[in-house]
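Accompanying notes for the structure given below.
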Amino acid sequence: MSILIDKNTRLIVQGITGRDGGFHTVKMKAYGTNIVGGTSPGKAGENVEGIPVFNTVRDAMEETEANTSVIFVPAPFAKDAMMEAADAGVKLIICITEGVPTLDVVEAYRYIKIKGANLIGPNCPGLISPDKSMVGIMPTMIFKQGSTGVISRSGTLTYEVVYNLTSNGMGQSTAVGVGGDPIVGLYYQELLEMFQNDPETDSIALIGEIGGDAEERAAEYIKKHVTKPVAVFIAGQQAPPGKQMGHAGAIISSGSGTAAEKIAAFEAVGVPVAKEPSQIPDLLKSRL
Amino acid sequence: MSILIDKNTRLIVQGITGRDGGFHTVKMKAYGTNIVGGTSPGKAGENVEGIPVFNTVRDAMEETEANTSVIFVPAPFAKDAMMEAADAGVKLIICITEGVPTLDVVEAYRYIKIKGANLIGPNCPGLISPDKSMVGIMPTMIFKQGSTGVISRSGTLTYEVVYNLTSNGMGQSTAVGVGGDPIVGLYYQELLEMFQNDPETDSIALIGEIGGDAEERAAEYIKKHVTKPVAVFIAGQQAPPGKQMGHAGAIISSGSGTAAEKIAAFEAVGVPVAKEPSQIPDLLKSRL
Amino acid sequence: MKIHEYQARELLASYGLPVDKAYICRNVDDAVRAYHELDAPLVVVKAQVHTGGRGKAGGVKLAKDEIELRQHAANILGMDIKGFIVDRVLVVKAVNIASEYYVSYVIDRKSKSTILMLSREGGMDIEEVAHNTPEKIHKIVIDPLIGVPDYLAREAAFKLFDDIKQVREATSIFQKLYKLFVDTDASLAEINPLVLTEEGQIKAIDAKMTFDDNALYRHPKIAALFEPTEEEKKEQNAKSKGFSYVHLGGAIGCMVNGAGLAMATMDMIKLYGGEPANFLDIGGSSNPTKVIEAMKLLLSDKNVKVVLINIFGGITRCDDVARGLLEAFNQIKTDIPIVIRLTGTNEKEGRELLQGTKFHLAETMGEAGRKAVELAVSY
Amino acid sequence: MKIHEYQARELLASYGLPVDKAYICRNVDDAVRAYHELDAPLVVVKAQVHTGGRGKAGGVKLAKDEIELRQHAANILGMDIKGFIVDRVLVVKAVNIASEYYVSYVIDRKSKSTILMLSREGGMDIEEVAHNTPEKIHKIVIDPLIGVPDYLAREAAFKLFDDIKQVREATSIFQKLYKLFVDTDASLAEINPLVLTEEGQIKAIDAKMTFDDNALYRHPKIAALFEPTEEEKKEQNAKSKGFSYVHLGGAIGCMVNGAGLAMATMDMIKLYGGEPANFLDIGGSSNPTKVIEAMKLLLSDKNVKVVLINIFGGITRCDDVARGLLEAFNQIKTDIPIVIRLTGTNEKEGRELLQGTKFHLAETMGEAGRKAVELAVSY
């Protein structure tokens, strides 16, 4: 098993005819992801790499019985794309787009919840269940099927950790980049629960960064509900307060949201924190 | 048993200090309805007939663990009152107020559904489970505990039918006035289902009127799902097309919504239709 | 509440919807001036009345020159269309229609929401299309909490148009029309037809709007557009006093509390061989003054030979009704027989107040109905 | 993005919120004129700077006459508050405060929504209140689909006020402030303090707003209020080119794709005994021009002795990065050593392009970090 995506994933690419959408469609398809359709208003009837293009997500859903969609549309249209997917009945929506206004995400997220669907992102690299399915922009060659679950607020930092895991013979059940914005969909708690319940996952790598207090809440959650080994890396020890470090969500506000606080929270509940990403595999191995 | 309300009903009266709210609070309490609180902004700490008044429904819920609310506020404030009740966690909301703008009801109804609650009304007389609880403005003395369920779009016409049932020795399990507006909450289908599932109900009186096609859909539903005897009365055979007959919902539009169509729909599925309200008891008795 | 086409067009235009400039004319000279202002090879003269079927009645005509224009304007002004006398015509340039569509927002009882109705069969009676070819009508349910986002308007637009440029225009039209619908508490906002011109433009050629009477209090500008017929004035007057009145024409005047019971009372009079004079619902809460006003209204109908008062007390208390009746008949002297049936809240107090008066008291609805019909025949 | 108090006050006023008339003054003479215009027994002179703690720094002073006013204005103008030089003061009449409250709308990560924060402990540093007496802070989560209906605003108002008249005023204030918050895509809209005056009026005495940078594209009027510091100009300039830059001051310039990896790179440099010169995230998608611009920016910092380029290719393809680097170094002649670590999408093609160039290539992040620190020491 794995979480969220696997061989049963039937994917729609929203914005399939765009530069990024097209490029990553090729990559996802090459990896074996079952892409059943794409959308681009006015381009119904065309195809991208043999994948049929539809005008609307509803049309695509009717024709393809998709269950997952990935969004590559520009930021001003991301809210509409997320809501369109939810309204059409897509149950897992992954928004790659970065720079989406926060209040757009707040509204889309609420609507998606009402529709009983799940959101990953925005401003995220997507997720991968190695050798089964990849949805997003993950560099697939670094992943390997296995039993470590990976959860991360950062894209490239995820790859760094995964690269180290794979190099150390530790494959991944599923790796999820939750996104770097202040408000995104699925987060530590929901994903920790899924990994805890997934029989194929035996350990979890959690990659956090400065800003907010989600890591602190994750530490609490781990203490109460997670029995599998967890190792953590937190980025941003050198970040100055009040400065946004790339991600809209990565900012130390009024002295809270620091890496030090987050590291302390995990250490307080006995979860080891790596000094650099390459230490994660050993921290997990020593606890398995 | 009965449906929706009984001795476990814990009622809040929204607008308890108003003329109508106050008057009917006295009547409901006299009947034995368990009124645990009322609301009137700015009047917290006062009481009406010994019932504590709160500023907000949330405050009332926190103090009283109510499960039902009845709304007597003026029409311009009804939408807000319905949403306030739903947001505070009330699971059954009865709105008596008449003249509420339709789009207000559309929005409140949607919100109430999202909150997992039920709405009865607006522009309705409420409901009664005789000898257990009465919520609304029903003239309690005409009701008698028994096993006929009553569903009606009209207030006073309900009383007329109930008066005839009671005179004929047929008590009621619950009688619900769903309201006369084009858009109201619980309607024939949901209530037929509840009565069908209620072991104490052995027959159902359904009172319809011109406008819309809810009666036609109810007839279809009865055919498929209702095994208990049902008798129907439809008001408005003499109503001219295009004229609103008092209720905002009672209007024959473009030749559809006529009494003749509705009567035909019930007769087509074998449900007897009374020529005048006084025939209902015999129509049910002959089928029990 | 209904408004005229030209008023609906003005509302549409104020929301940025594509409506051609048009002139409203109350006489032939105005129509001629409008014709010259428009300076178009072909114009349309359209009767402005609060009823459908203008076309079939000859109320919509094309004019290719001033002579035709004069003829049509003269013919249409003063015309009687289903009892409505035309006192205004709209003059607007004719467009070259490539195709016609139907678009409306309307309150839908089944989904308990607003729906967007669409059809490629525009320019026709939509009820006929719905009846004969229901598959040609698309209905999109609007979630009031999110309205009509781009994607939903676009989904709708693709149901009518194939070209992406036209889809984009229609998307914007559907969003603006929804905003107008909600902002004005409409119960119908219809464009029929919405046309694609041969020049490739999308335009609203006709517009119809009706409004939720319950919401007019928050739209004084729209309420001001109300143009009641004589009958509607009476109904309106009744409404302003808190009751609902519809004139029917028979001899037995009815005063009932509750719309359902009022309808049932009418139906019962008919069942016993009588003819109801009216529908009159004195509404939920009541006070004596209201009852007095209701009686005045009833008795102003000279056909009324008998009055049947059927009250089942819920929110309306029987003693209030009885007091109102006694007060009313202190003021209004009449020999017309009054049948009263009074049950419900405070019924004992109400009946006691009426004992020993000239009123005919009945215990049941059937008894009251039979008595009223009997009195109407013998009167 | 931050704006000044006086700009926030203007926004509040334009939404009908109760803000007293105030004058913004760039010199003492202006301040004196403002004093006379106000014609008040007591006025306040307030420094306008993009930082908190003005009061403690002496940037807010009461003046009871022209002499005091002149003194304070002269002292405050030109003052350095946490590195910000005051070039404007606000002059406003002082009010008689009966009680002070805290009100703000802010984006809340936990509830993934906007929250309304309220406290009867107004006029103080709210983080201190939150830390010491969290029970004195109320948080109300706003459902974005319904906003702040009357009942919710009223619930909030009852948390601050007991008198129903004040509750009604506060209800309206909370609704208007939410509208402003949403209409402008704010990330914070704070009134601290909201006061009840001794005369019984409710007034916003200070206002603070910050805005979502991602949404500025749809608010050009607010974007126009941006007043960057020199450092922010550099960051802004970087942003306009599609990357994120924060100056830190060390010797090792970093160019990384992805914010998390960029932070981890900084942390690693520190871990190995070096000092990062900056945070520089070249972002998701990339093109050669962007890389050139990033290198130019990096090298404009004269403290930079070594550049560490750490690229893990996801949406950014390594061959694009390599080509960009080669092009960049064709244009920018520099002797500064460049350490490159390149992995991910198209990594083979990327590495091949860089083989045999002057760049120091590293396989792992650790190796790259150690090499950069080593070079910075020996350089």
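Note on naming: chains are A, B, ... as they come in the structure tokens, residues start from 1 per chain, ligands start from 1 in the order shown.
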*So which residues touch stretch 296-303 of chain C within 10 Å, counting only C-alpha atoms, skipping near sequence neighbours fewer than 3 positions away, as a PyMOL selection string?*
chain C and resi 234-235+237-238+245+247+249-255+277-280+290-293+306-307+328-329+331-332+334+336
Generate a file of the selected residues that holds N, CA and C atoms, formatted as a short mmCIF file (atom, residue, chain, number, x, y, z; two decimals), in the first residue's frame.
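Result saved to result13.cif:
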```cif
data_model
loop_
_atom_site.label_atom_id
_atom_site.label_comp_id
_atom_site.auth_asym_id
_atom_site.auth_seq_id
_atom_site.Cartn_x
_atom_site.Cartn_y
_atom_site.Cartn_z
N LYS C 234 -56.10 46.89 -5.91
CA LYS C 234 -56.93 46.38 -4.81
C LYS C 234 -56.13 45.35 -4.01
N GLU C 235 -55.46 44.46 -4.73
CA GLU C 235 -54.66 43.43 -4.07
C GLU C 235 -53.52 44.06 -3.27
N ASN C 237 -53.38 47.14 -2.15
CA ASN C 237 -53.97 47.84 -1.03
C ASN C 237 -54.24 46.86 0.11
N ALA C 238 -54.77 45.69 -0.25
CA ALA C 238 -55.02 44.64 0.74
C ALA C 238 -53.71 44.25 1.40
N TYR C 245 -55.46 39.30 -1.10
CA TYR C 245 -56.78 39.36 -1.71
C TYR C 245 -56.67 39.06 -3.20
N HIS C 247 -59.51 38.80 -6.46
CA HIS C 247 -60.91 38.89 -6.87
C HIS C 247 -61.26 37.72 -7.77
N GLY C 249 -65.08 36.96 -8.50
CA GLY C 249 -66.29 37.30 -9.26
C GLY C 249 -67.59 36.70 -8.77
N GLY C 250 -67.60 35.77 -7.84
CA GLY C 250 -68.84 35.14 -7.37
C GLY C 250 -69.59 35.99 -6.36
N ALA C 251 -70.56 35.36 -5.68
CA ALA C 251 -71.44 36.10 -4.78
C ALA C 251 -71.08 35.93 -3.31
N ILE C 252 -70.28 34.92 -3.01
CA ILE C 252 -69.97 34.66 -1.61
C ILE C 252 -68.57 35.17 -1.25
N GLY C 253 -68.57 36.26 -0.51
CA GLY C 253 -67.30 36.83 -0.06
C GLY C 253 -66.71 35.96 1.03
N CYS C 254 -65.38 35.76 0.96
CA CYS C 254 -64.72 34.90 1.95
C CYS C 254 -63.69 35.71 2.72
N MET C 255 -63.68 35.49 4.00
CA MET C 255 -62.60 36.06 4.81
C MET C 255 -62.09 34.93 5.68
N ALA C 277 -66.61 34.84 -4.19
CA ALA C 277 -66.39 36.20 -4.71
C ALA C 277 -64.90 36.53 -4.75
N ASN C 278 -64.15 35.87 -3.88
CA ASN C 278 -62.74 36.26 -3.72
C ASN C 278 -61.98 35.25 -2.88
N PHE C 279 -60.67 35.44 -2.93
CA PHE C 279 -59.76 34.81 -1.99
C PHE C 279 -59.35 35.92 -1.04
N LEU C 280 -59.51 35.71 0.25
CA LEU C 280 -59.04 36.74 1.19
C LEU C 280 -58.47 36.08 2.42
N LYS C 290 -57.20 45.40 11.39
CA LYS C 290 -56.99 44.61 10.19
C LYS C 290 -58.31 43.96 9.76
N VAL C 291 -59.03 43.45 10.72
CA VAL C 291 -60.30 42.80 10.42
C VAL C 291 -61.29 43.83 9.86
N ILE C 292 -61.29 45.01 10.43
CA ILE C 292 -62.18 46.07 9.93
C ILE C 292 -61.85 46.35 8.46
N GLU C 293 -60.56 46.52 8.20
CA GLU C 293 -60.13 46.81 6.83
C GLU C 293 -60.53 45.69 5.89
N VAL C 306 -73.30 37.41 0.36
CA VAL C 306 -73.12 36.76 1.65
C VAL C 306 -71.62 36.82 1.97
N VAL C 307 -71.31 36.94 3.26
CA VAL C 307 -69.90 36.86 3.64
C VAL C 307 -69.71 35.64 4.53
N ALA C 328 -65.87 46.23 13.56
CA ALA C 328 -66.08 46.49 12.13
C ALA C 328 -67.56 46.73 11.86
N PHE C 329 -68.40 45.89 12.45
CA PHE C 329 -69.83 46.02 12.15
C PHE C 329 -70.50 47.12 12.94
N GLN C 331 -68.98 49.97 12.66
CA GLN C 331 -68.65 51.04 11.71
C GLN C 331 -69.35 50.85 10.37
N ILE C 332 -69.38 49.61 9.88
CA ILE C 332 -69.95 49.36 8.56
C ILE C 332 -71.35 48.82 8.72
N THR C 334 -74.42 47.16 7.29
CA THR C 334 -74.76 46.36 6.12
C THR C 334 -75.83 45.34 6.48
N ILE C 336 -76.07 42.59 4.60
CA ILE C 336 -75.58 41.34 4.04
C ILE C 336 -75.40 40.31 5.15
#
```
*Just need the residues of chain A within 12 Å of chain B, counting only C-alpha atoms, so spit them out as a list of chain:residue names.*
A:Arg110, A:Tyr111, A:Lys113, A:Ile114, A:Lys115, A:Gly116
*Pull out every residue of chain B sitting within 12 Å of chain D, counting only C-alpha atoms, and send them as number ranges by chain.*
B: 14, 39-45, 54-60, 76-88, 107-108, 110-112, 114-115
Generate a file of the selected residues that holds C-alpha atoms, formatted as a CSV table (one decimal), in the first residue's frame.
```
chain,number,residue,atom,x,y,z
B,14,GLN,CA,-35.3,33.2,19.2
B,39,THR,CA,-32.6,35.0,22.9
B,40,SER,CA,-32.9,38.7,22.6
B,41,PRO,CA,-29.7,40.7,22.1
B,42,GLY,CA,-29.0,43.0,25.0
B,43,LYS,CA,-31.5,41.3,27.3
B,44,ALA,CA,-29.3,38.6,28.8
B,45,GLY,CA,-30.1,38.0,32.4
B,54,PHE,CA,-29.5,35.1,26.4
B,55,ASN,CA,-27.9,37.6,24.1
B,56,THR,CA,-26.9,35.0,21.5
B,57,VAL,CA,-27.9,31.5,20.5
B,58,ARG,CA,-24.3,30.4,21.2
B,59,ASP,CA,-24.6,31.6,24.8
B,60,ALA,CA,-28.0,29.8,25.1
B,76,PRO,CA,-35.7,41.1,7.6
B,77,PHE,CA,-33.8,39.3,10.4
B,78,ALA,CA,-35.0,35.7,9.8
B,79,LYS,CA,-32.0,34.7,7.6
B,80,ASP,CA,-29.6,35.8,10.3
B,81,ALA,CA,-31.5,34.0,13.0
B,82,MET,CA,-31.6,30.8,11.0
B,83,MET,CA,-27.9,30.9,10.4
B,84,GLU,CA,-27.1,31.9,13.9
B,85,ALA,CA,-28.9,28.8,15.2
B,86,ALA,CA,-27.2,26.5,12.7
B,87,ASP,CA,-23.8,27.9,13.5
B,88,ALA,CA,-24.4,27.5,17.2
B,107,GLU,CA,-28.8,31.0,1.5
B,108,ALA,CA,-29.8,30.0,5.0
B,110,ARG,CA,-27.8,25.9,2.2
B,111,TYR,CA,-25.8,26.9,5.3
B,112,ILE,CA,-28.1,24.8,7.6
B,114,ILE,CA,-23.8,22.3,5.5
B,115,LYS,CA,-24.0,22.4,9.3
```
Could you pull out the alpha helix (DSSP H) residues of stretch 223-283 of chain A, going by DSSP on the backbone, and write them as a tab-separated table (two decimals) with N, CA, C and O atoms, in the first residue's frame?
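What landed in out34.tsv:
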```tsv
chain	number	residue	atom	x	y	z
A	223	LYS	N	3.17	12.42	19.70
A	223	LYS	CA	3.22	11.93	21.08
A	223	LYS	C	1.98	11.09	21.40
A	223	LYS	O	2.06	10.01	21.99
A	224	LYS	N	0.83	11.59	20.96
A	224	LYS	CA	-0.43	10.92	21.30
A	224	LYS	C	-0.77	9.74	20.41
A	224	LYS	O	-1.37	8.78	20.86
A	225	HIS	N	-0.46	9.84	19.11
A	225	HIS	CA	-1.06	8.89	18.18
A	225	HIS	C	-0.12	8.11	17.29
A	225	HIS	O	-0.56	7.19	16.61
A	259	ALA	N	12.85	28.15	14.18
A	259	ALA	CA	13.32	26.77	14.07
A	259	ALA	C	13.62	26.21	15.46
A	259	ALA	O	13.32	25.05	15.75
A	260	ALA	N	14.20	27.05	16.33
A	260	ALA	CA	14.57	26.58	17.66
A	260	ALA	C	13.36	26.06	18.44
A	260	ALA	O	13.41	25.00	19.06
A	261	GLU	N	12.25	26.81	18.38
A	261	GLU	CA	11.03	26.37	19.08
A	261	GLU	C	10.55	25.03	18.55
A	261	GLU	O	10.11	24.16	19.29
A	262	LYS	N	10.60	24.88	17.23
A	262	LYS	CA	10.09	23.67	16.59
A	262	LYS	C	10.97	22.47	16.97
A	262	LYS	O	10.48	21.39	17.29
A	263	ILE	N	12.28	22.69	16.90
A	263	ILE	CA	13.22	21.62	17.26
A	263	ILE	C	12.98	21.20	18.71
A	263	ILE	O	12.90	20.01	19.02
A	264	ALA	N	12.80	22.20	19.57
A	264	ALA	CA	12.56	21.90	20.99
A	264	ALA	C	11.28	21.10	21.18
A	264	ALA	O	11.22	20.17	21.99
A	265	ALA	N	10.24	21.46	20.40
A	265	ALA	CA	8.96	20.75	20.53
A	265	ALA	C	9.11	19.28	20.20
A	265	ALA	O	8.57	18.41	20.90
A	266	PHE	N	9.85	18.97	19.13
A	266	PHE	CA	10.04	17.56	18.76
A	266	PHE	C	10.91	16.85	19.79
A	266	PHE	O	10.61	15.73	20.20
A	267	GLU	N	11.98	17.50	20.19
A	267	GLU	CA	12.87	16.86	21.15
A	267	GLU	C	12.14	16.58	22.46
A	267	GLU	O	12.36	15.56	23.10
A	268	ALA	N	11.24	17.49	22.82
A	268	ALA	CA	10.49	17.31	24.07
A	268	ALA	C	9.63	16.06	24.05
A	268	ALA	O	9.35	15.47	25.11
A	280	ILE	N	18.95	12.00	8.39
A	280	ILE	CA	17.61	11.39	8.56
A	280	ILE	C	17.63	9.86	8.46
A	280	ILE	O	17.07	9.18	9.33
A	281	PRO	N	18.27	9.27	7.45
A	281	PRO	CA	18.22	7.81	7.34
A	281	PRO	C	18.73	7.11	8.60
A	281	PRO	O	18.08	6.18	9.11
A	282	ASP	N	19.86	7.56	9.14
A	282	ASP	CA	20.40	6.91	10.33
A	282	ASP	C	19.48	7.07	11.54
A	282	ASP	O	19.30	6.14	12.32
A	283	LEU	N	18.90	8.26	11.67
A	283	LEU	CA	17.98	8.49	12.80
A	283	LEU	C	16.80	7.54	12.75
A	283	LEU	O	16.33	7.06	13.78
```
*Measuring atom to atom with only C-alpha atoms, identify which of D:Leu353, D:Ala13, D:Asp143, D:Leu194 is nearest to chain C.*
D:Asp143
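Near B:Met194, within a cut-off of 10 Å and counting only C-alpha atoms, sit the residues Ser2, Ile3, Leu4, Gly149, Tyr188, Gln189, Pro199 and Thr201 of chain B, with same-chain residues fewer than 5 positions away left out.
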_Residues near A:Pro122, anyone? I mean within 8 Å using only C-alpha atoms, not counting same-chain ones fewer than 3 positions away, as a ChimeraX atom specification._
/A:94-98,100,105,178-181,184-185
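Distance-wise, atom CA of D:Leu225 and atom CA of D:Val19 end up 19.8 Å apart.
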_I'd like the neighbourhood of C:Val373 as a PyMOL selection string, where a residue qualifies if any of its atoms comes within 8 Å (using only C-alpha atoms), though same-chain residues fewer than 6 positions away should be ignored._
chain C and resi 252+269+272-274
Writing out the chosen residues with all heavy atoms as an mmCIF file, in the first residue's frame:
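To be explicit, this is the file written out as out13.cif:
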```
data_model
loop_
_atom_site.group_PDB
_atom_site.id
_atom_site.type_symbol
_atom_site.label_atom_id
_atom_site.label_comp_id
_atom_site.auth_asym_id
_atom_site.auth_seq_id
_atom_site.Cartn_x
_atom_site.Cartn_y
_atom_site.Cartn_z
ATOM 1 N N ILE C 252 -70.278 34.918 -3.009
ATOM 2 C CA ILE C 252 -69.971 34.660 -1.605
ATOM 3 C C ILE C 252 -68.573 35.175 -1.253
ATOM 4 O O ILE C 252 -67.557 34.623 -1.683
ATOM 5 C CB ILE C 252 -70.085 33.156 -1.287
ATOM 6 C CG1 ILE C 252 -71.509 32.661 -1.652
ATOM 7 C CG2 ILE C 252 -69.768 32.887 0.182
ATOM 8 C CD1 ILE C 252 -71.731 31.181 -1.485
ATOM 9 N N ILE C 269 -67.038 26.116 -1.286
ATOM 10 C CA ILE C 269 -68.203 26.872 -1.766
ATOM 11 C C ILE C 269 -68.617 26.337 -3.139
ATOM 12 O O ILE C 269 -69.789 26.072 -3.402
ATOM 13 C CB ILE C 269 -67.876 28.386 -1.819
ATOM 14 C CG1 ILE C 269 -67.816 28.935 -0.384
ATOM 15 C CG2 ILE C 269 -68.903 29.140 -2.651
ATOM 16 C CD1 ILE C 269 -67.188 30.313 -0.276
ATOM 17 N N TYR C 272 -70.284 22.976 -2.953
ATOM 18 C CA TYR C 272 -71.685 23.010 -2.517
ATOM 19 C C TYR C 272 -72.559 23.809 -3.469
ATOM 20 O O TYR C 272 -73.681 24.169 -3.132
ATOM 21 C CB TYR C 272 -71.789 23.546 -1.090
ATOM 22 C CG TYR C 272 -71.307 22.543 -0.062
ATOM 23 C CD1 TYR C 272 -70.264 22.839 0.806
ATOM 24 C CD2 TYR C 272 -71.894 21.263 0.016
ATOM 25 C CE1 TYR C 272 -69.819 21.911 1.733
ATOM 26 C CE2 TYR C 272 -71.443 20.336 0.939
ATOM 27 C CZ TYR C 272 -70.412 20.649 1.789
ATOM 28 O OH TYR C 272 -69.976 19.728 2.689
ATOM 29 N N GLY C 273 -72.023 24.154 -4.638
ATOM 30 C CA GLY C 273 -72.849 24.787 -5.666
ATOM 31 C C GLY C 273 -72.831 26.300 -5.664
ATOM 32 O O GLY C 273 -73.569 26.930 -6.410
ATOM 33 N N GLY C 274 -71.973 26.906 -4.855
ATOM 34 C CA GLY C 274 -71.874 28.361 -4.839
ATOM 35 C C GLY C 274 -70.690 28.857 -5.660
ATOM 36 O O GLY C 274 -69.956 28.067 -6.253
#
```
*Determine, counting only C-alpha atoms, which protein, DNA and RNA residues have an atom within 6 Å of an atom of stretch 198-213 of chain D; residues of the same chain fewer than 6 positions away are not included. Present the result as a ChimeraX atom specification.*
/D:1-2,5,8-9,18-19,96-98,185-192
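Considering the residues D:Leu62, D:Pro144, D:Arg120, D:Cys25 and counting only C-alpha atoms, chain C has its shortest atom-to-atom contact with D:Pro144.
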Show me, as a PDB file with all heavy atoms, in the first residue's frame, the residues that have an atom within 8 Å of C:Lys64 when counting only C-alpha atoms, minus same-chain residues fewer than 3 positions from it.
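result_0.pdb, written as the output of this step:
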```pdb
ATOM      1  N   PRO C  41     -31.363  50.781 -40.751  1.00  0.00           N
ATOM      2  CA  PRO C  41     -32.169  50.367 -41.910  1.00  0.00           C
ATOM      3  C   PRO C  41     -33.466  49.653 -41.514  1.00  0.00           C
ATOM      4  O   PRO C  41     -34.441  49.687 -42.251  1.00  0.00           O
ATOM      5  CB  PRO C  41     -31.238  49.422 -42.673  1.00  0.00           C
ATOM      6  CG  PRO C  41     -30.214  48.970 -41.688  1.00  0.00           C
ATOM      7  CD  PRO C  41     -30.066  50.085 -40.710  1.00  0.00           C
ATOM      8  N   LEU C  42     -33.432  49.052 -40.372  1.00  0.00           N
ATOM      9  CA  LEU C  42     -34.601  48.287 -39.932  1.00  0.00           C
ATOM     10  C   LEU C  42     -34.742  48.455 -38.420  1.00  0.00           C
ATOM     11  O   LEU C  42     -33.745  48.316 -37.704  1.00  0.00           O
ATOM     12  CB  LEU C  42     -34.392  46.803 -40.282  1.00  0.00           C
ATOM     13  CG  LEU C  42     -35.628  45.898 -40.338  1.00  0.00           C
ATOM     14  CD1 LEU C  42     -36.587  46.331 -41.439  1.00  0.00           C
ATOM     15  CD2 LEU C  42     -35.199  44.445 -40.569  1.00  0.00           C
ATOM     16  N   VAL C  43     -35.936  48.790 -37.961  1.00  0.00           N
ATOM     17  CA  VAL C  43     -36.147  48.903 -36.526  1.00  0.00           C
ATOM     18  C   VAL C  43     -37.305  48.008 -36.101  1.00  0.00           C
ATOM     19  O   VAL C  43     -38.093  47.557 -36.940  1.00  0.00           O
ATOM     20  CB  VAL C  43     -36.427  50.358 -36.066  1.00  0.00           C
ATOM     21  CG1 VAL C  43     -35.315  51.295 -36.490  1.00  0.00           C
ATOM     22  CG2 VAL C  43     -37.780  50.825 -36.566  1.00  0.00           C
ATOM     23  N   GLU C  68     -43.730  52.838 -42.437  1.00  0.00           N
ATOM     24  CA  GLU C  68     -44.053  51.608 -41.705  1.00  0.00           C
ATOM     25  C   GLU C  68     -44.018  51.843 -40.197  1.00  0.00           C
ATOM     26  O   GLU C  68     -44.847  51.345 -39.446  1.00  0.00           O
ATOM     27  CB  GLU C  68     -43.051  50.492 -42.063  1.00  0.00           C
ATOM     28  CG  GLU C  68     -43.368  49.823 -43.379  1.00  0.00           C
ATOM     29  CD  GLU C  68     -42.563  48.534 -43.576  1.00  0.00           C
ATOM     30  OE1 GLU C  68     -41.867  48.098 -42.623  1.00  0.00           O
ATOM     31  OE2 GLU C  68     -42.645  47.970 -44.679  1.00  0.00           O
ATOM     32  N   LEU C  69     -42.998  52.591 -39.798  1.00  0.00           N
ATOM     33  CA  LEU C  69     -42.827  52.859 -38.369  1.00  0.00           C
ATOM     34  C   LEU C  69     -44.067  53.534 -37.806  1.00  0.00           C
ATOM     35  O   LEU C  69     -44.596  53.137 -36.765  1.00  0.00           O
ATOM     36  CB  LEU C  69     -41.576  53.740 -38.215  1.00  0.00           C
ATOM     37  CG  LEU C  69     -41.018  54.108 -36.851  1.00  0.00           C
ATOM     38  CD1 LEU C  69     -41.729  55.331 -36.286  1.00  0.00           C
ATOM     39  CD2 LEU C  69     -41.061  52.975 -35.847  1.00  0.00           C
TER      40      LEU C  69
END
```
